[in-house]
Amino acid sequence: MTETIRIDRHPTWWRITLDRPDKLNAVTPEMLTALLAALDAAAAAPDCRALLLTGAGRGFCAGQELGPTVMPGPDGPPDLEALAGGFHHRVVARLRALPIPVVCAVNGVAAGAGASFALAADIVLAARSASFVIAFARIGLVPDSGASFFLPRLVGEARARAMALLAEPVGAEQAEAWGLIWRAVDDAALAAEAAALCERLAAGPAGAYALTRQAFAASAANDLAAQLALEARLQGEAGRGADFAEGVRAFLDKRPPRFPPRGA
Ligand code: T3D
């Protein structure tokens, strides 16, 4: 079987690279199956305290492969509901449910579901030459893989709707200015900056990070009262955790904290 993703296991964090560079890493069911398995493995590996998602070659990910999977067959048109639900949307849900921080290094164009995958990360860095194309309308589809969820929350309705309806590329610097991503960086610096970010996150409070992700996940649906109640519950849990004990001890000792392993 052709490898469609690469996994680099660093001592405290993993990098997953989408690896079909000749097709700008357009995704296939085979590739998304491999990606789902890699995400599960990262979630289960206690040493993996941060995850980096990036692409090989000059693109990050050109979305669904426009090929046999989405062409009409002898039985009629493709079942895109099943394709989205069975693959793309499971990836987005899994990325959001991971107990570790996710960094995305967008090394080139991120189009369609590729843009959605990037926006599902906690922290998105992009090379200055990279762009985001909400490409679905170009081929007569609707934004999916979370695009219609992430975009209005990140950049507001006006920009989200124009991005989806016009499907024009938005460059990395514009994306940063709009709040679509965390930061645009020089192309040559992207890999090193993303690695440094993962090293830093991997040295952070893993338990508190997992709870923080839970808080953000819930905030999209909660009103303020519900979110305050959730924060109180999560803070109670954090307060009983080893991260907090070490964080306070380190502060009082005037030294950097040495946070315990995941799950401690
Ligand atoms: O059920 C469901 O959920 C359905 C799935 C929906 C999710 C989606 O993602 S729908 C959106 C699918 N993606 C697209 O529509 C984007 C298609 N690609 C493009 O528009 C352009 O390639 C880009 C804007 C991304 C980049 O343009 P450019 O000029 O830099 O590169 P290029 O020359 O167009 O592409 C380079 C190669 O990659 C080329 O192959 P070749 O001719 O050199 O052999 C091109 O065909 C290939 N490629 C790019 N994107 C795809 C692709 N091949 C298959 N599928 C692609 N999506």
# chains A, B, ... in the order shown; residues from 1 in each chain; ligands from 1

$ residues_near_ligand --ligand "ligand 1" --cutoff "7 Å" --atoms "only C-alpha atoms and all ligand atoms" --output "mmCIF file with all heavy atoms, in the first residue's frame"
data_model
loop_
_atom_site.group_PDB
_atom_site.id
_atom_site.type_symbol
_atom_site.label_atom_id
_atom_site.label_comp_id
_atom_site.auth_asym_id
_atom_site.auth_seq_id
_atom_site.Cartn_x
_atom_site.Cartn_y
_atom_site.Cartn_z
ATOM 1 N N ASP A 22 2.588 15.389 -5.085
ATOM 2 C CA ASP A 22 2.286 15.630 -6.506
ATOM 3 C C ASP A 22 0.831 16.043 -6.706
ATOM 4 O O ASP A 22 0.481 16.627 -7.733
ATOM 5 C CB ASP A 22 2.621 14.380 -7.340
ATOM 6 C CG ASP A 22 1.935 13.139 -6.807
ATOM 7 O OD1 ASP A 22 1.761 13.041 -5.573
ATOM 8 O OD2 ASP A 22 1.533 12.281 -7.619
ATOM 9 N N LYS A 23 -0.034 15.784 -5.734
ATOM 10 C CA LYS A 23 -1.443 16.199 -5.795
ATOM 11 C C LYS A 23 -1.733 17.240 -4.712
ATOM 12 O O LYS A 23 -2.879 17.364 -4.246
ATOM 13 C CB LYS A 23 -2.377 14.994 -5.605
ATOM 14 C CG LYS A 23 -2.237 13.934 -6.682
ATOM 15 C CD LYS A 23 -2.685 14.459 -8.047
ATOM 16 C CE LYS A 23 -2.486 13.418 -9.148
ATOM 17 N NZ LYS A 23 -2.578 14.008 -10.507
ATOM 18 N N LEU A 24 -0.739 17.969 -4.313
ATOM 19 C CA LEU A 24 -0.881 18.973 -3.247
ATOM 20 C C LEU A 24 -1.554 18.376 -2.017
ATOM 21 O O LEU A 24 -2.344 19.017 -1.334
ATOM 22 C CB LEU A 24 -1.661 20.205 -3.744
ATOM 23 C CG LEU A 24 -1.074 20.931 -4.968
ATOM 24 C CD1 LEU A 24 -1.929 22.138 -5.329
ATOM 25 C CD2 LEU A 24 0.371 21.359 -4.718
ATOM 26 N N ALA A 26 -3.911 16.301 -1.711
ATOM 27 C CA ALA A 26 -5.371 16.071 -1.758
ATOM 28 C C ALA A 26 -5.657 14.734 -1.081
ATOM 29 O O ALA A 26 -4.895 13.777 -1.213
ATOM 30 C CB ALA A 26 -5.853 16.067 -3.210
ATOM 31 N N ALA A 62 -4.983 20.093 -0.650
ATOM 32 C CA ALA A 62 -5.936 20.635 -1.634
ATOM 33 C C ALA A 62 -7.327 20.050 -1.459
ATOM 34 O O ALA A 62 -8.113 20.017 -2.409
ATOM 35 C CB ALA A 62 -5.419 20.388 -3.048
ATOM 36 N N GLY A 63 -7.621 19.562 -0.236
ATOM 37 C CA GLY A 63 -8.971 19.062 0.031
ATOM 38 C C GLY A 63 -9.184 17.678 -0.553
ATOM 39 O O GLY A 63 -8.237 16.942 -0.838
ATOM 40 N N GLN A 64 -10.441 17.335 -0.716
ATOM 41 C CA GLN A 64 -10.789 16.019 -1.262
ATOM 42 C C GLN A 64 -10.173 15.843 -2.647
ATOM 43 O O GLN A 64 -10.224 16.752 -3.476
ATOM 44 C CB GLN A 64 -12.316 15.893 -1.351
ATOM 45 C CG GLN A 64 -12.809 14.721 -2.169
ATOM 46 C CD GLN A 64 -12.382 13.368 -1.605
ATOM 47 O OE1 GLN A 64 -12.356 13.175 -0.395
ATOM 48 N NE2 GLN A 64 -12.019 12.434 -2.478
ATOM 49 N N GLU A 65 -9.601 14.680 -2.902
ATOM 50 C CA GLU A 65 -9.103 14.389 -4.246
ATOM 51 C C GLU A 65 -10.264 14.368 -5.220
ATOM 52 O O GLU A 65 -11.258 13.642 -5.031
ATOM 53 C CB GLU A 65 -8.397 13.044 -4.293
ATOM 54 C CG GLU A 65 -7.872 12.757 -5.690
ATOM 55 C CD GLU A 65 -7.187 11.419 -5.799
ATOM 56 O OE1 GLU A 65 -7.816 10.401 -5.494
ATOM 57 O OE2 GLU A 65 -6.010 11.412 -6.188
ATOM 58 N N LEU A 66 -10.123 15.185 -6.250
ATOM 59 C CA LEU A 66 -11.157 15.214 -7.283
ATOM 60 C C LEU A 66 -10.780 14.129 -8.289
ATOM 61 O O LEU A 66 -10.033 14.360 -9.240
ATOM 62 C CB LEU A 66 -11.232 16.610 -7.901
ATOM 63 C CG LEU A 66 -11.532 17.705 -6.865
ATOM 64 C CD1 LEU A 66 -11.551 19.088 -7.516
ATOM 65 C CD2 LEU A 66 -12.865 17.439 -6.151
ATOM 66 N N GLY A 67 -11.280 12.930 -8.016
ATOM 67 C CA GLY A 67 -10.939 11.758 -8.818
ATOM 68 C C GLY A 67 -12.043 10.735 -8.688
ATOM 69 O O GLY A 67 -13.201 11.078 -8.419
ATOM 70 N N LEU A 80 -21.807 11.840 -1.211
ATOM 71 C CA LEU A 80 -20.885 12.748 -0.506
ATOM 72 C C LEU A 80 -21.229 12.860 0.976
ATOM 73 O O LEU A 80 -20.370 13.167 1.795
ATOM 74 C CB LEU A 80 -20.883 14.126 -1.173
ATOM 75 C CG LEU A 80 -20.348 14.176 -2.602
ATOM 76 C CD1 LEU A 80 -20.122 15.622 -3.033
ATOM 77 C CD2 LEU A 80 -19.065 13.378 -2.772
ATOM 78 N N GLU A 81 -22.492 12.628 1.326
ATOM 79 C CA GLU A 81 -22.854 12.644 2.748
ATOM 80 C C GLU A 81 -22.082 11.539 3.484
ATOM 81 O O GLU A 81 -21.513 11.760 4.561
ATOM 82 C CB GLU A 81 -24.362 12.455 2.924
ATOM 83 C CG GLU A 81 -24.792 12.588 4.372
ATOM 84 C CD GLU A 81 -26.311 12.551 4.545
ATOM 85 O OE1 GLU A 81 -27.034 12.584 3.522
ATOM 86 O OE2 GLU A 81 -26.757 12.489 5.697
ATOM 87 N N ALA A 82 -22.051 10.364 2.857
ATOM 88 C CA ALA A 82 -21.330 9.249 3.487
ATOM 89 C C ALA A 82 -19.824 9.519 3.504
ATOM 90 O O ALA A 82 -19.134 9.219 4.486
ATOM 91 C CB ALA A 82 -21.626 7.952 2.741
ATOM 92 N N LEU A 83 -19.326 10.114 2.434
ATOM 93 C CA LEU A 83 -17.884 10.408 2.362
ATOM 94 C C LEU A 83 -17.488 11.420 3.433
ATOM 95 O O LEU A 83 -16.510 11.237 4.163
ATOM 96 C CB LEU A 83 -17.537 10.955 0.964
ATOM 97 C CG LEU A 83 -16.076 11.263 0.682
ATOM 98 C CD1 LEU A 83 -15.224 9.997 0.750
ATOM 99 C CD2 LEU A 83 -15.921 11.917 -0.699
ATOM 100 N N ALA A 84 -18.290 12.476 3.525
ATOM 101 C CA ALA A 84 -17.987 13.506 4.527
ATOM 102 C C ALA A 84 -18.087 12.923 5.940
ATOM 103 O O ALA A 84 -17.179 13.084 6.761
ATOM 104 C CB ALA A 84 -18.939 14.688 4.365
ATOM 105 N N HIS A 88 -13.918 12.759 6.279
ATOM 106 C CA HIS A 88 -13.492 14.136 6.569
ATOM 107 C C HIS A 88 -13.938 14.595 7.958
ATOM 108 O O HIS A 88 -13.167 15.165 8.720
ATOM 109 C CB HIS A 88 -14.053 15.100 5.526
ATOM 110 C CG HIS A 88 -13.718 14.736 4.115
ATOM 111 N ND1 HIS A 88 -14.329 13.711 3.453
ATOM 112 C CD2 HIS A 88 -12.832 15.253 3.250
ATOM 113 C CE1 HIS A 88 -13.831 13.602 2.239
ATOM 114 N NE2 HIS A 88 -12.916 14.539 2.090
ATOM 115 N N VAL A 109 -0.697 26.040 -0.169
ATOM 116 C CA VAL A 109 -2.137 26.242 -0.271
ATOM 117 C C VAL A 109 -2.924 25.228 0.580
ATOM 118 O O VAL A 109 -2.584 24.049 0.648
ATOM 119 C CB VAL A 109 -2.576 26.203 -1.763
ATOM 120 C CG1 VAL A 109 -2.359 24.816 -2.370
ATOM 121 C CG2 VAL A 109 -4.030 26.636 -1.914
ATOM 122 N N ALA A 110 -3.953 25.737 1.249
ATOM 123 C CA ALA A 110 -4.894 24.904 2.009
ATOM 124 C C ALA A 110 -6.263 25.173 1.389
ATOM 125 O O ALA A 110 -6.797 26.280 1.508
ATOM 126 C CB ALA A 110 -4.884 25.285 3.485
ATOM 127 N N ALA A 111 -6.803 24.177 0.711
ATOM 128 C CA ALA A 111 -8.046 24.397 -0.044
ATOM 129 C C ALA A 111 -9.116 23.407 0.388
ATOM 130 O O ALA A 111 -8.825 22.272 0.762
ATOM 131 C CB ALA A 111 -7.793 24.242 -1.548
ATOM 132 N N GLY A 112 -10.377 23.839 0.327
ATOM 133 C CA GLY A 112 -11.496 22.954 0.656
ATOM 134 C C GLY A 112 -11.327 22.347 2.039
ATOM 135 O O GLY A 112 -11.022 23.037 3.025
ATOM 136 N N ALA A 113 -11.506 21.026 2.102
ATOM 137 C CA ALA A 113 -11.364 20.353 3.388
ATOM 138 C C ALA A 113 -9.964 20.535 3.965
ATOM 139 O O ALA A 113 -9.781 20.457 5.188
ATOM 140 C CB ALA A 113 -11.681 18.867 3.241
ATOM 141 N N GLY A 114 -8.992 20.795 3.115
ATOM 142 C CA GLY A 114 -7.623 21.049 3.606
ATOM 143 C C GLY A 114 -7.583 22.291 4.480
ATOM 144 O O GLY A 114 -6.899 22.323 5.515
ATOM 145 N N VAL A 133 -8.044 28.714 0.641
ATOM 146 C CA VAL A 133 -9.085 28.834 -0.388
ATOM 147 C C VAL A 133 -10.278 27.994 0.047
ATOM 148 O O VAL A 133 -10.179 26.766 0.146
ATOM 149 C CB VAL A 133 -8.602 28.300 -1.762
ATOM 150 C CG1 VAL A 133 -9.595 28.717 -2.848
ATOM 151 C CG2 VAL A 133 -7.203 28.775 -2.094
ATOM 152 N N ALA A 135 -12.664 26.472 -1.237
ATOM 153 C CA ALA A 135 -12.809 26.198 -2.670
ATOM 154 C C ALA A 135 -14.116 25.525 -3.061
ATOM 155 O O ALA A 135 -14.387 25.356 -4.250
ATOM 156 C CB ALA A 135 -11.641 25.306 -3.114
ATOM 157 N N PHE A 136 -14.916 25.141 -2.083
ATOM 158 C CA PHE A 136 -16.068 24.275 -2.356
ATOM 159 C C PHE A 136 -16.968 24.832 -3.473
ATOM 160 O O PHE A 136 -17.426 24.094 -4.340
ATOM 161 C CB PHE A 136 -16.882 24.068 -1.074
ATOM 162 C CG PHE A 136 -16.067 23.568 0.088
ATOM 163 C CD1 PHE A 136 -15.413 24.444 0.953
ATOM 164 C CD2 PHE A 136 -15.948 22.201 0.333
ATOM 165 C CE1 PHE A 136 -14.674 23.983 2.024
ATOM 166 C CE2 PHE A 136 -15.210 21.728 1.407
ATOM 167 C CZ PHE A 136 -14.563 22.627 2.253
ATOM 168 N N ARG A 138 -16.338 26.543 -5.971
ATOM 169 C CA ARG A 138 -15.760 26.434 -7.319
ATOM 170 C C ARG A 138 -16.233 25.169 -8.027
ATOM 171 O O ARG A 138 -16.260 25.116 -9.248
ATOM 172 C CB ARG A 138 -14.226 26.378 -7.239
ATOM 173 C CG ARG A 138 -13.568 27.679 -6.862
ATOM 174 C CD ARG A 138 -12.061 27.515 -6.981
ATOM 175 N NE ARG A 138 -11.375 28.737 -6.572
ATOM 176 C CZ ARG A 138 -10.058 28.887 -6.602
ATOM 177 N NH1 ARG A 138 -9.284 27.893 -6.997
ATOM 178 N NH2 ARG A 138 -9.514 30.018 -6.218
ATOM 179 N N ILE A 139 -16.531 24.125 -7.222
ATOM 180 C CA ILE A 139 -16.956 22.860 -7.839
ATOM 181 C C ILE A 139 -18.407 22.517 -7.471
ATOM 182 O O ILE A 139 -18.818 21.367 -7.571
ATOM 183 C CB ILE A 139 -16.002 21.698 -7.443
ATOM 184 C CG1 ILE A 139 -15.864 21.594 -5.918
ATOM 185 C CG2 ILE A 139 -14.646 21.875 -8.105
ATOM 186 C CD1 ILE A 139 -15.184 20.305 -5.467
ATOM 187 N N LEU A 141 -20.005 22.716 -4.470
ATOM 188 C CA LEU A 141 -20.265 22.085 -3.170
ATOM 189 C C LEU A 141 -20.416 23.154 -2.094
ATOM 190 O O LEU A 141 -20.169 24.342 -2.325
ATOM 191 C CB LEU A 141 -19.118 21.131 -2.804
ATOM 192 C CG LEU A 141 -18.977 19.857 -3.652
ATOM 193 C CD1 LEU A 141 -17.840 18.995 -3.130
ATOM 194 C CD2 LEU A 141 -20.286 19.058 -3.681
ATOM 195 N N ASP A 144 -17.573 22.275 3.976
ATOM 196 C CA ASP A 144 -17.772 21.181 4.936
ATOM 197 C C ASP A 144 -16.500 20.961 5.741
ATOM 198 O O ASP A 144 -15.591 21.791 5.732
ATOM 199 C CB ASP A 144 -18.319 19.914 4.257
ATOM 200 C CG ASP A 144 -17.272 19.096 3.521
ATOM 201 O OD1 ASP A 144 -16.091 19.487 3.492
ATOM 202 O OD2 ASP A 144 -17.641 18.040 2.970
ATOM 203 N N SER A 145 -16.478 19.867 6.447
ATOM 204 C CA SER A 145 -15.361 19.552 7.340
ATOM 205 C C SER A 145 -15.180 20.648 8.391
ATOM 206 O O SER A 145 -14.068 20.908 8.865
ATOM 207 C CB SER A 145 -14.062 19.329 6.553
ATOM 208 O OG SER A 145 -14.262 18.386 5.530
#

$ residues_around --residues "Gln227 (chain A)" --least-positions-apart "4" --cutoff "8 Å" --atoms "only C-alpha atoms" --output "ChimeraX atom specification"
/A:215,218-219,222-223,231

$ write_last_selection --atoms "C-alpha atoms" --output "compact mmCIF listing (two decimals), in the first residue's frame"
# COMPACT_ATOMS: atom_id res chain seq x y z
CA ALA A 215 -13.42 24.49 27.86
CA ALA A 218 -17.87 23.68 24.97
CA SER A 219 -17.83 27.47 24.66
CA ASN A 222 -22.74 27.43 25.92
CA ASP A 223 -24.16 30.67 27.23
CA GLU A 231 -14.94 26.60 34.05

$ residues_around --residues "Ala210 (chain A)" --least-positions-apart "4" --cutoff "10 Å" --atoms "only C-alpha atoms" --output "list in words"
Arg49, Ala97, Leu98, Pro99, Ile100, Pro101, Pro205, Ala206, Gln214, Ala215, Ala238 and Arg262 of chain A

$ residues_around --residues "Glu173 (chain A)" --least-positions-apart "5" --cutoff "12 Å" --atoms "only C-alpha atoms" --output "VMD selection string"
chain A and resid 125 to 132 178 to 187

$ select_by_dssp --residues "region 30-238 of chain A" --states "strand (DSSP E)" --output "ChimeraX atom specification"
/A:51-55,59-61,102-106,109-111,123-127,131-133,170-171,183-185

$ atom_distance --atom1 "CA of Pro68 (chain A)" --atom2 "CA of Asp19 (chain A)"
19.1 Å

$ closest_residue --among "A:Thr54, A:Ile123, A:Leu230, A:Ala175" --to "Asp8 (chain A)" --atoms "only C-alpha atoms"
A:Thr54

$ residues_around --residues "Ala194 (chain A)" --least-positions-apart "4" --cutoff "10 Å" --atoms "only C-alpha atoms" --output "JSON, numbers by chain"
{"A": [15, 52, 53, 54, 103, 104, 105, 106, 123, 124, 125, 126, 185, 189, 190, 198, 199, 200]}

$ select_by_dssp --residues "region 136-187 of chain A" --states "helix (DSSP H, G or I)" --output "ChimeraX atom specification"
/A:136-139,147-155,157-166,172-178,187

$ atom_distance --atom1 "CA of Val248 (chain A)" --atom2 "CA of Leu51 (chain A)"
26.5 Å

$ closest_residue --among "A:Asp47, A:Asp253, A:Asp75, A:Glu3" --to "Leu35 (chain A)" --atoms "only C-alpha atoms"
A:Glu3

$ atom_distance --atom1 "CA of Asn25 (chain A)" --atom2 "CA of Cys61 (chain A)"
4.6 Å

$ closest_residue --among "A:Lys254, A:Arg159, A:Arg96, A:His10" --to "Ala43 (chain A)" --atoms "only C-alpha atoms"
A:Arg96
